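Reproduced below: target.txt, with compact mmCIF, C-alpha atoms and all ligand atoms.
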```
# COMPACT_ATOMS: atom_id res chain seq x y z
CA MET A 1 115.04 -65.53 5.56
CA ASN A 2 111.68 -65.72 7.28
CA PRO A 3 108.87 -63.25 6.38
CA ARG A 4 109.61 -61.04 9.37
CA GLU A 5 113.24 -60.65 8.32
CA ARG A 6 112.22 -60.10 4.70
CA ALA A 7 109.74 -57.40 5.71
CA ASP A 8 112.45 -55.68 7.78
CA GLU A 9 115.05 -55.90 5.05
CA THR A 10 112.60 -54.65 2.42
CA PHE A 11 111.64 -51.77 4.70
CA ARG A 12 115.27 -50.71 5.19
CA ALA A 13 116.02 -50.96 1.49
CA ALA A 14 112.98 -48.87 0.52
CA PHE A 15 112.94 -46.25 3.26
CA GLY A 16 116.55 -46.17 4.49
CA VAL A 17 115.64 -46.42 8.20
CA GLU A 18 114.56 -49.05 10.71
CA PRO A 19 110.81 -49.72 11.01
CA MET A 20 109.08 -48.32 14.09
CA LEU A 21 106.89 -51.35 14.62
CA ARG A 22 106.05 -54.75 13.28
CA VAL A 23 102.71 -56.54 13.01
CA HIS A 24 101.49 -59.86 11.68
CA ALA A 25 98.23 -61.62 10.78
CA PRO A 26 97.88 -65.37 10.13
CA GLY A 27 96.27 -67.39 7.35
CA ARG A 28 93.85 -70.13 8.33
CA VAL A 29 92.78 -73.69 7.75
CA ASN A 30 89.13 -74.53 8.12
CA LEU A 31 88.63 -77.86 9.91
CA ILE A 32 84.92 -78.09 9.00
CA GLY A 33 81.99 -75.79 8.12
CA GLU A 34 82.37 -74.86 4.45
CA HIS A 35 80.29 -72.13 2.78
CA THR A 36 78.22 -71.93 5.94
CA ASP A 37 79.57 -68.49 6.95
CA TYR A 38 77.50 -66.47 4.47
CA ASN A 39 74.46 -68.50 5.52
CA ASP A 40 74.80 -67.15 9.09
CA GLY A 41 75.96 -70.62 10.14
CA PHE A 42 78.87 -72.25 11.98
CA VAL A 43 82.53 -72.70 11.03
CA LEU A 44 85.47 -74.32 12.86
CA PRO A 45 88.76 -72.87 11.56
CA CYS A 46 92.11 -72.37 13.24
CA ALA A 47 94.72 -69.72 12.47
CA ILE A 48 97.97 -71.25 11.19
CA ASP A 49 101.66 -70.49 11.48
CA PHE A 50 101.82 -69.04 7.97
CA GLY A 51 100.92 -65.38 7.71
CA THR A 52 101.65 -61.84 6.58
CA ARG A 53 104.30 -59.70 8.28
CA ILE A 54 104.44 -55.92 8.01
CA ALA A 55 107.21 -53.55 9.09
CA ALA A 56 105.85 -50.02 9.48
CA ARG A 57 106.37 -46.39 10.44
CA PRO A 58 103.87 -43.54 10.65
CA ARG A 59 103.96 -40.45 8.42
CA ASP A 60 102.83 -36.95 9.22
CA ASP A 61 100.99 -36.53 5.90
CA ASP A 62 98.23 -38.55 4.16
CA GLN A 63 100.50 -40.55 1.85
CA VAL A 64 100.62 -44.37 2.06
CA GLN A 65 103.57 -46.28 0.59
CA ILE A 66 103.58 -50.08 0.56
CA VAL A 67 106.52 -52.16 -0.65
CA ALA A 68 105.82 -55.83 -1.43
CA ALA A 69 108.76 -58.12 -0.74
CA ASP A 70 106.94 -60.97 -2.50
CA TYR A 71 106.42 -58.96 -5.70
CA ASP A 72 110.08 -58.07 -6.33
CA GLY A 73 109.89 -55.00 -4.14
CA ALA A 74 107.03 -53.47 -6.15
CA ILE A 75 105.80 -50.28 -4.52
CA ASP A 76 102.28 -48.88 -4.33
CA ARG A 77 101.63 -45.22 -3.40
CA PHE A 78 98.29 -43.58 -2.76
CA ARG A 79 96.67 -40.91 -0.60
CA LEU A 80 94.19 -41.53 2.20
CA GLY A 81 90.65 -40.75 1.16
CA PRO A 82 87.09 -41.94 0.82
CA ALA A 83 87.48 -43.09 -2.82
CA ILE A 84 90.97 -44.49 -3.36
CA PRO A 85 91.33 -45.57 -7.01
CA HIS A 86 91.76 -49.25 -7.97
CA ARG A 87 95.01 -50.50 -9.44
CA GLU A 88 94.13 -52.50 -12.54
CA ASP A 89 97.78 -53.42 -13.11
CA ALA A 90 98.65 -54.70 -9.61
CA ALA A 91 95.88 -56.80 -8.05
CA TRP A 92 97.85 -57.31 -4.81
CA ALA A 93 97.73 -53.59 -4.08
CA ASN A 94 93.92 -53.48 -4.02
CA TYR A 95 93.72 -55.49 -0.77
CA ALA A 96 95.69 -52.78 1.01
CA ARG A 97 93.93 -49.92 -0.78
CA GLY A 98 90.53 -51.43 0.10
CA MET A 99 91.49 -51.90 3.73
CA VAL A 100 92.73 -48.33 4.08
CA GLN A 101 89.63 -46.93 2.38
CA MET A 102 87.36 -48.87 4.75
CA LEU A 103 89.34 -47.71 7.80
CA VAL A 104 88.83 -44.14 6.58
CA ALA A 105 85.12 -44.89 6.01
CA ARG A 106 84.82 -45.88 9.70
CA GLY A 107 85.87 -42.34 10.57
CA LEU A 108 89.06 -43.50 12.28
CA PRO A 109 91.77 -40.87 12.84
CA LEU A 110 94.57 -42.21 10.66
CA ARG A 111 97.44 -40.56 8.83
CA GLY A 112 99.72 -41.97 6.17
CA ALA A 113 102.27 -44.75 6.65
CA ASP A 114 105.28 -46.47 5.13
CA LEU A 115 104.86 -50.24 5.11
CA ALA A 116 106.89 -53.23 3.90
CA VAL A 117 105.00 -56.52 3.51
CA ALA A 118 106.19 -60.14 3.31
CA GLY A 119 104.20 -63.33 3.71
CA ASP A 120 104.44 -67.09 3.59
CA VAL A 121 100.78 -68.14 3.15
CA PRO A 122 100.79 -70.11 -0.12
CA GLN A 123 98.70 -68.08 -2.57
CA GLY A 124 95.73 -69.63 -4.34
CA ALA A 125 95.78 -72.63 -1.99
CA GLY A 126 92.62 -71.83 -0.05
CA LEU A 127 94.55 -70.84 3.10
CA SER A 128 93.42 -67.19 3.14
CA SER A 129 96.50 -65.31 2.04
CA SER A 130 94.35 -62.34 1.07
CA ALA A 131 92.45 -62.15 4.38
CA SER A 132 95.76 -62.32 6.21
CA PHE A 133 97.11 -59.43 4.08
CA GLU A 134 94.02 -57.25 4.67
CA VAL A 135 93.97 -57.92 8.39
CA ALA A 136 97.72 -57.26 8.68
CA VAL A 137 97.31 -53.89 6.93
CA GLY A 138 94.46 -53.01 9.31
CA GLN A 139 96.53 -54.12 12.29
CA ALA A 140 99.44 -51.93 11.11
CA PHE A 141 97.27 -48.79 11.09
CA LYS A 142 95.61 -49.79 14.35
CA SER A 143 99.01 -50.13 16.04
CA LEU A 144 100.55 -47.05 14.43
CA TYR A 145 97.67 -44.76 15.44
CA ALA A 146 96.26 -46.56 18.51
CA LEU A 147 92.95 -46.87 16.67
CA ASP A 148 89.84 -47.88 18.57
CA LEU A 149 89.26 -51.08 16.60
CA ASP A 150 88.72 -54.38 18.40
CA PRO A 151 89.58 -57.65 16.59
CA THR A 152 85.98 -58.23 15.45
CA ALA A 153 85.74 -54.70 14.03
CA LEU A 154 89.11 -55.24 12.36
CA ALA A 155 87.75 -58.41 10.73
CA LEU A 156 84.50 -56.75 9.62
CA THR A 157 86.46 -53.88 8.09
CA ALA A 158 88.65 -56.34 6.19
CA GLN A 159 85.58 -58.24 4.95
CA ARG A 160 84.08 -54.97 3.74
CA ALA A 161 87.30 -54.20 1.86
CA GLU A 162 87.10 -57.59 0.17
CA ASN A 163 83.35 -57.29 -0.62
CA GLU A 164 83.19 -53.68 -1.73
CA PHE A 165 86.70 -52.82 -2.96
CA VAL A 166 88.23 -56.07 -4.20
CA GLY A 167 84.82 -57.33 -5.40
CA CYS A 168 84.77 -60.80 -3.81
CA ASN A 169 81.53 -61.54 -2.01
CA CYS A 170 83.11 -63.65 0.76
CA GLY A 171 81.72 -64.34 4.23
CA ILE A 172 83.36 -63.41 7.54
CA MET A 173 85.23 -66.62 8.41
CA ASP A 174 88.69 -65.88 7.01
CA GLN A 175 89.05 -62.36 8.36
CA LEU A 176 87.57 -63.26 11.74
CA ILE A 177 89.89 -66.17 12.42
CA SER A 178 92.88 -64.14 11.21
CA ALA A 179 91.96 -61.39 13.69
CA ARG A 180 90.80 -63.54 16.61
CA GLY A 181 92.65 -66.87 16.37
CA GLU A 182 93.94 -68.43 19.61
CA ALA A 183 97.13 -70.45 19.94
CA GLY A 184 96.46 -74.16 20.38
CA HIS A 185 92.76 -73.76 19.59
CA ALA A 186 90.25 -73.87 16.78
CA LEU A 187 87.34 -71.41 17.06
CA LEU A 188 83.72 -72.47 16.74
CA ILE A 189 82.36 -69.29 15.18
CA ASP A 190 78.69 -68.46 15.05
CA CYS A 191 78.68 -66.32 11.91
CA ARG A 192 75.42 -64.63 12.89
CA SER A 193 76.31 -63.42 16.39
CA LEU A 194 80.09 -63.50 15.72
CA ASP A 195 80.48 -65.29 19.01
CA ALA A 196 83.66 -67.44 18.81
CA ARG A 197 84.20 -70.28 21.26
CA PRO A 198 87.80 -71.54 21.54
CA VAL A 199 88.01 -75.32 21.20
CA PRO A 200 91.35 -76.71 22.43
CA LEU A 201 93.20 -79.01 20.05
CA PRO A 202 94.42 -82.10 21.93
CA PRO A 203 98.26 -81.94 22.14
CA ASP A 204 98.65 -85.34 20.47
CA LEU A 205 96.50 -84.31 17.48
CA ALA A 206 98.23 -83.19 14.29
CA VAL A 207 96.64 -80.76 11.81
CA MET A 208 97.98 -81.75 8.39
CA ILE A 209 97.45 -79.56 5.33
CA VAL A 210 98.11 -81.03 1.88
CA HIS A 211 98.25 -78.83 -1.21
CA SER A 212 96.77 -80.64 -4.21
CA HIS A 213 98.43 -78.25 -6.65
CA VAL A 214 95.19 -78.10 -8.57
CA LYS A 215 94.96 -74.52 -9.74
CA ARG A 216 91.72 -73.11 -8.44
CA GLY A 217 89.58 -72.17 -11.44
CA LEU A 218 86.20 -70.40 -11.62
CA VAL A 219 86.38 -69.67 -7.92
CA GLY A 220 84.80 -66.21 -8.11
CA SER A 221 81.92 -67.01 -10.43
CA GLU A 222 81.10 -70.39 -8.85
CA TYR A 223 81.33 -68.88 -5.36
CA ASN A 224 78.84 -66.17 -6.25
CA THR A 225 76.53 -68.72 -7.89
CA ARG A 226 76.53 -70.81 -4.70
CA ARG A 227 75.68 -67.71 -2.68
CA ARG A 228 72.74 -66.88 -4.93
CA GLN A 229 71.46 -70.47 -4.76
CA CYS A 230 71.62 -70.42 -0.96
CA GLU A 231 69.78 -67.10 -0.88
CA ALA A 232 67.11 -68.48 -3.23
CA ALA A 233 66.63 -71.49 -0.91
CA ALA A 234 66.31 -69.23 2.15
CA ARG A 235 63.65 -67.20 0.32
CA HIS A 236 61.80 -70.41 -0.56
CA TYR A 237 61.63 -71.35 3.13
CA GLY A 238 60.78 -67.80 4.16
CA VAL A 239 63.80 -67.46 6.49
CA ALA A 240 66.55 -64.85 6.77
CA ALA A 241 69.26 -67.46 6.14
CA LEU A 242 69.63 -71.24 5.80
CA ARG A 243 70.94 -71.24 9.36
CA ASP A 244 67.29 -70.96 10.38
CA ILE A 245 66.15 -74.37 9.11
CA ASP A 246 66.96 -77.93 10.12
CA LEU A 247 66.89 -81.11 8.05
CA ALA A 248 63.28 -81.94 8.96
CA ARG A 249 62.08 -78.56 7.76
CA LEU A 250 64.25 -78.78 4.64
CA GLU A 251 62.61 -82.07 3.71
CA ALA A 252 59.07 -81.09 4.69
CA GLY A 253 59.13 -77.90 2.61
CA LYS A 254 61.05 -78.95 -0.47
CA ALA A 255 58.07 -79.13 -2.88
CA GLY A 256 58.57 -76.56 -5.61
CA LEU A 257 62.26 -76.11 -4.87
CA ASP A 258 64.65 -76.55 -7.80
CA GLU A 259 66.56 -79.84 -7.37
CA VAL A 260 70.02 -78.24 -7.55
CA VAL A 261 69.05 -75.48 -5.12
CA TYR A 262 67.65 -78.17 -2.79
CA ARG A 263 70.99 -80.01 -2.77
CA ARG A 264 72.89 -76.77 -2.14
CA ALA A 265 70.61 -76.10 0.84
CA ARG A 266 71.01 -79.67 2.11
CA HIS A 267 74.77 -79.19 2.19
CA ILE A 268 74.43 -76.04 4.30
CA VAL A 269 71.86 -77.50 6.69
CA THR A 270 73.79 -80.74 7.26
CA GLU A 271 77.17 -78.96 7.38
CA ASN A 272 75.94 -76.66 10.16
CA ALA A 273 74.95 -79.68 12.23
CA ARG A 274 78.24 -81.46 11.47
CA THR A 275 80.29 -78.43 12.44
CA GLN A 276 78.70 -78.12 15.86
CA ALA A 277 79.05 -81.87 16.42
CA ALA A 278 82.70 -81.71 15.32
CA ALA A 279 83.47 -79.02 17.90
CA THR A 280 82.09 -81.34 20.59
CA ALA A 281 84.05 -84.32 19.25
CA LEU A 282 87.25 -82.27 19.07
CA ALA A 283 86.87 -80.93 22.60
CA GLY A 284 86.29 -84.48 23.84
CA GLY A 285 89.22 -85.91 21.87
CA ASP A 286 86.84 -88.24 19.99
CA LEU A 287 88.87 -88.71 16.83
CA ALA A 288 86.65 -91.46 15.47
CA ALA A 289 83.56 -89.24 15.55
CA LEU A 290 85.56 -86.36 14.11
CA GLY A 291 86.73 -88.54 11.23
CA LEU A 292 83.20 -89.58 10.32
CA LEU A 293 82.01 -85.96 10.37
CA MET A 294 84.90 -84.86 8.15
CA GLY A 295 84.19 -87.68 5.72
CA ALA A 296 80.52 -86.73 5.54
CA SER A 297 81.47 -83.08 5.05
CA HIS A 298 83.66 -83.93 2.09
CA ALA A 299 80.98 -86.12 0.51
CA SER A 300 78.46 -83.32 0.91
CA MET A 301 80.80 -80.78 -0.72
CA ARG A 302 81.38 -83.24 -3.56
CA ASP A 303 77.82 -84.44 -4.18
CA ASP A 304 75.49 -81.70 -2.93
CA PHE A 305 77.45 -78.45 -3.11
CA GLU A 306 79.65 -79.63 -6.03
CA ILE A 307 82.73 -77.60 -5.16
CA THR A 308 85.37 -80.35 -5.25
CA VAL A 309 87.34 -81.54 -8.26
CA PRO A 310 88.34 -85.17 -9.03
CA ALA A 311 92.00 -84.75 -8.09
CA VAL A 312 91.11 -83.31 -4.69
CA ASP A 313 88.57 -86.11 -4.15
CA ARG A 314 91.36 -88.57 -4.86
CA LEU A 315 93.75 -86.78 -2.49
CA VAL A 316 91.14 -86.86 0.28
CA GLU A 317 90.55 -90.60 -0.29
CA ILE A 318 94.28 -91.30 0.01
CA LEU A 319 94.43 -89.27 3.21
CA GLN A 320 91.35 -90.95 4.67
CA GLN A 321 92.73 -94.40 3.95
CA ALA A 322 96.15 -93.61 5.37
CA ILE A 323 94.71 -91.97 8.51
CA GLY A 324 92.27 -94.78 9.25
CA PRO A 325 89.39 -94.60 11.75
CA GLN A 326 91.15 -92.39 14.33
CA GLY A 327 90.79 -89.01 12.60
CA GLY A 328 89.77 -87.92 9.12
CA ALA A 329 90.25 -85.68 6.10
CA ARG A 330 88.32 -83.35 3.81
CA MET A 331 88.84 -80.58 1.31
CA THR A 332 89.24 -77.23 3.04
CA GLY A 333 88.37 -73.72 1.84
CA GLY A 334 86.23 -72.32 -0.94
CA GLY A 335 86.80 -75.25 -3.32
CA PHE A 336 87.68 -76.01 -6.97
CA GLY A 337 91.21 -77.04 -6.05
CA GLY A 338 93.48 -75.98 -3.22
CA CYS A 339 94.14 -78.00 -0.09
CA ALA A 340 92.88 -80.91 1.97
CA VAL A 341 93.07 -80.94 5.75
CA GLY A 342 93.67 -84.05 7.84
CA LEU A 343 93.29 -84.48 11.61
CA LEU A 344 95.25 -87.43 12.93
CA PRO A 345 97.26 -88.70 15.90
CA ARG A 346 100.73 -87.14 15.86
CA GLU A 347 102.37 -90.57 15.86
CA ARG A 348 100.76 -91.30 12.46
CA VAL A 349 102.19 -88.21 10.70
CA ALA A 350 105.22 -89.86 9.08
CA ALA A 351 103.20 -92.78 7.71
CA VAL A 352 100.40 -90.58 6.39
CA ARG A 353 102.87 -88.16 4.82
CA ALA A 354 104.62 -91.05 3.06
CA ALA A 355 101.31 -92.46 1.78
CA VAL A 356 100.23 -89.11 0.34
CA GLU A 357 103.60 -88.33 -1.19
CA SER A 358 103.78 -91.66 -2.95
CA GLY A 359 100.09 -92.02 -3.80
CA TYR A 360 99.06 -88.60 -5.11
CA ARG A 361 100.02 -86.58 -8.18
CA ALA A 362 98.26 -83.47 -9.46
CA PRO A 363 96.86 -83.61 -13.02
CA GLY A 364 99.95 -81.66 -14.11
CA GLY A 365 102.24 -84.24 -12.45
CA GLU A 366 103.23 -82.19 -9.37
CA ALA A 367 103.80 -83.99 -6.09
CA PRO A 368 101.66 -82.81 -3.17
CA THR A 369 103.05 -80.42 -0.57
CA VAL A 370 102.47 -81.51 3.03
CA TRP A 371 102.59 -79.23 6.07
CA VAL A 372 101.84 -80.00 9.70
CA CYS A 373 100.69 -76.69 11.12
CA ARG A 374 100.42 -75.16 14.57
CA ALA A 375 97.16 -73.51 15.60
CA SER A 376 98.26 -69.93 16.16
CA ALA A 377 97.17 -66.64 17.68
CA GLY A 378 95.41 -63.99 15.62
CA ALA A 379 96.74 -60.65 14.42
CA GLY A 380 98.94 -58.58 16.67
CA GLU A 381 102.17 -56.69 17.11
CA GLY A 382 105.60 -58.26 16.86
C1 LIG A 401 86.24 -68.56 1.12
C2 LIG A 401 85.47 -67.37 1.69
F1 LIG A 401 86.30 -66.26 1.72
C3 LIG A 401 84.93 -67.66 3.10
O1 LIG A 401 84.15 -66.58 3.52
C4 LIG A 401 84.13 -68.96 3.10
O2 LIG A 401 82.88 -68.78 2.51
C5 LIG A 401 84.93 -70.08 2.42
O3 LIG A 401 85.39 -69.70 1.13
C6 LIG A 401 84.11 -71.33 2.26
O4 LIG A 401 83.82 -71.88 3.49
O5 LIG A 401 87.39 -68.79 1.88
```
In structure tokens, write the structure found in this file.
Ligand code: GAF
Amino acid sequence: MNPRERADETFRAAFGVEPMLRVHAPGRVNLIGEHTDYNDGFVLPCAIDFGTRIAARPRDDDQVQIVAADYDGAIDRFRLGPAIPHREDAAWANYARGMVQMLVARGLPLRGADLAVAGDVPQGAGLSSSASFEVAVGQAFKSLYALDLDPTALALTAQRAENEFVGCNCGIMDQLISARGEAGHALLIDCRSLDARPVPLPPDLAVMIVHSHVKRGLVGSEYNTRRRQCEAAARHYGVAALRDIDLARLEAGKAGLDEVVYRRARHIVTENARTQAAATALAGGDLAALGLLMGASHASMRDDFEITVPAVDRLVEILQQAIGPQGGARMTGGGFGGCAVGLLPRERVAAVRAAVESGYRAPGGEAPTVWVCRASAGAGEG
């Protein structure tokens, strides 16, 4: 059964009627531009054909009931309000609770709802299962109550839920691409203005995602440390965010800057430049240039930002070798495990898949999981 069917079936089993409407929101893969979003910089993600599906009906009171198909039909119940309590015993429920609380905080006219949720974004893989869940919950309320909430506002509300309710200090990339993705395109997002330029993916280009099966450890604490280091560097240069300096200024002003903080800043400054160049290379179908930029991005994440782990470095090397000069590969997402992304000519998919499946094993012995994904549209009904 696909997630849509599972959401429907779970809805019927829990509430005894057919849902009134269905919504979905996708996960994402980031092609390049890592940790640049909270530095007001550039990212180049695309929404993928894995996502969260919700079957829903409105209620005429202020009760919300959510049944999770992926958690054995576990049910969460709470009332709308400005201070919805956290669930300490069911972390999944807090994404929905946070989203609903932030919709209420926007002053939107919502009532309660019955929802059934099912998804197929692999969890803990760095493909934004949680952003897709938050955005899907927001989309469900938007559709049920015809809320005045455009896709950017939907994304900002979901980010606020994650920052203030769930307690993860993430940037805007994951929620924005989940809300605004375009089929067949990546989006070059300016995370300061929130302008998002669609960049068409050439039809003969494959987007390959490979799960390393390295369990992501320390993500929260290391993520917050990186944020603080970037903020310290911006203060050192007297700018609002690292987006505001280029490599020349980074080098000219580095006296007195802690060496580690300097390398963190160098990753952000060079990654911003690479991301914009990669959008140009992608639009022009220049796979060789794209491959070099992806390789440099991975090296920068490994050596300057220090968010890769040896097994993922090895996976990326195998991918790079198998892909060759026409295309490239890098780790994708927040880091410390998770997935690599490869961009390659479609005709090379079988050979690259075979090379990765025979050449890579996770530290625990697991074989990699390989998906070729379709760049998909953002959240919506249906
Ligand atoms: C995580 C965060 F949620 C994003 O905001 C982004 O910072 C990403 O890590 C790294 O690029 O997915």
Do you have, as a Markdown table, the list of residues of chain A lying at most 8 Å from ligand LIG 401 (chain A), each with its nearest atom pair and that distance in Å to one decimal, counting all atoms listed in the file and ordered by chain then number?
```
| residue | atom | partner | partner_atom | distance |
| --- | --- | --- | --- | --- |
| A:Asn30 | CA | A:LIG401 | O4 | 7.5 |
| A:Gly33 | CA | A:LIG401 | O4 | 6.3 |
| A:Glu34 | CA | A:LIG401 | O4 | 3.5 |
| A:His35 | CA | A:LIG401 | O4 | 3.6 |
| A:Thr36 | CA | A:LIG401 | O4 | 6.1 |
| A:Asp37 | CA | A:LIG401 | O2 | 5.5 |
| A:Tyr38 | CA | A:LIG401 | O2 | 6.2 |
| A:Val43 | CA | A:LIG401 | O4 | 7.7 |
| A:Gly126 | CA | A:LIG401 | O5 | 6.3 |
| A:Leu127 | CA | A:LIG401 | O5 | 7.5 |
| A:Ser128 | CA | A:LIG401 | O5 | 6.4 |
| A:Ala131 | CA | A:LIG401 | F1 | 7.9 |
| A:Cys168 | CA | A:LIG401 | F1 | 7.9 |
| A:Asn169 | CA | A:LIG401 | F1 | 7.7 |
| A:Cys170 | CA | A:LIG401 | O1 | 4.2 |
| A:Gly171 | CA | A:LIG401 | O1 | 3.4 |
| A:Ile172 | CA | A:LIG401 | O1 | 5.2 |
| A:Met173 | CA | A:LIG401 | O1 | 5.0 |
| A:Asp174 | CA | A:LIG401 | C3 | 5.7 |
| A:Tyr223 | CA | A:LIG401 | O3 | 7.7 |
| A:Thr332 | CA | A:LIG401 | O4 | 7.6 |
| A:Gly333 | CA | A:LIG401 | C6 | 4.9 |
| A:Gly334 | CA | A:LIG401 | O3 | 3.4 |
| A:Gly335 | CA | A:LIG401 | O3 | 7.3 |
```
- Using all atoms listed in the file, which of the listed residues (A:Leu194, A:Val214, A:Leu149, A:Ala183) sits closest to Pro310 (chain A)?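 Residue with the minimum atom-to-atom distance to Pro310 (chain A): A:Val214.
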- 12 Å contact set for Gln65 (chain A), only C-alpha atoms, chain neighbours under 4 positions out, as a PyMOL selection string: chain A and resi 11+14-15+55-59+61+73-80+93+96-97+100+111-117+137
- Query: Mind listing as a list in words all residues within 7 Å of (101.4, -66.9, 4.2), counting only C-alpha atoms?
  - Reply: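 Counting only C-alpha atoms, I find these residues within 7 Å of (101.4, -66.9, 4.2): Gly27, Phe50, Gly51, Thr52, Gly119, Asp120, Val121, Pro122 and Ser129 of chain A.
When all atoms listed in the file are used to compute distances to Leu250 (chain A), the closest of the residues A:Ala232, A:Leu344, A:Ala146, A:Val269 turns out to be A:Val269.
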- Which polymer residues have any atom within 7 Å of an atom of region 270-279 of chain A, counting only C-alpha atoms, with same-chain residues fewer than 3 positions away left out, as JSON, numbers by chain? {"A": [32, 33, 36, 41, 42, 43, 44, 188, 199, 247, 266, 267, 282, 283, 290, 293, 297]}
- So what do you get for CA of Ala206 (chain A) versus CA of Arg374 (chain A), distance-wise?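 Taking CA of Ala206 (chain A) as the start and CA of Arg374 (chain A) as the end point, the length is 8.3 Å.
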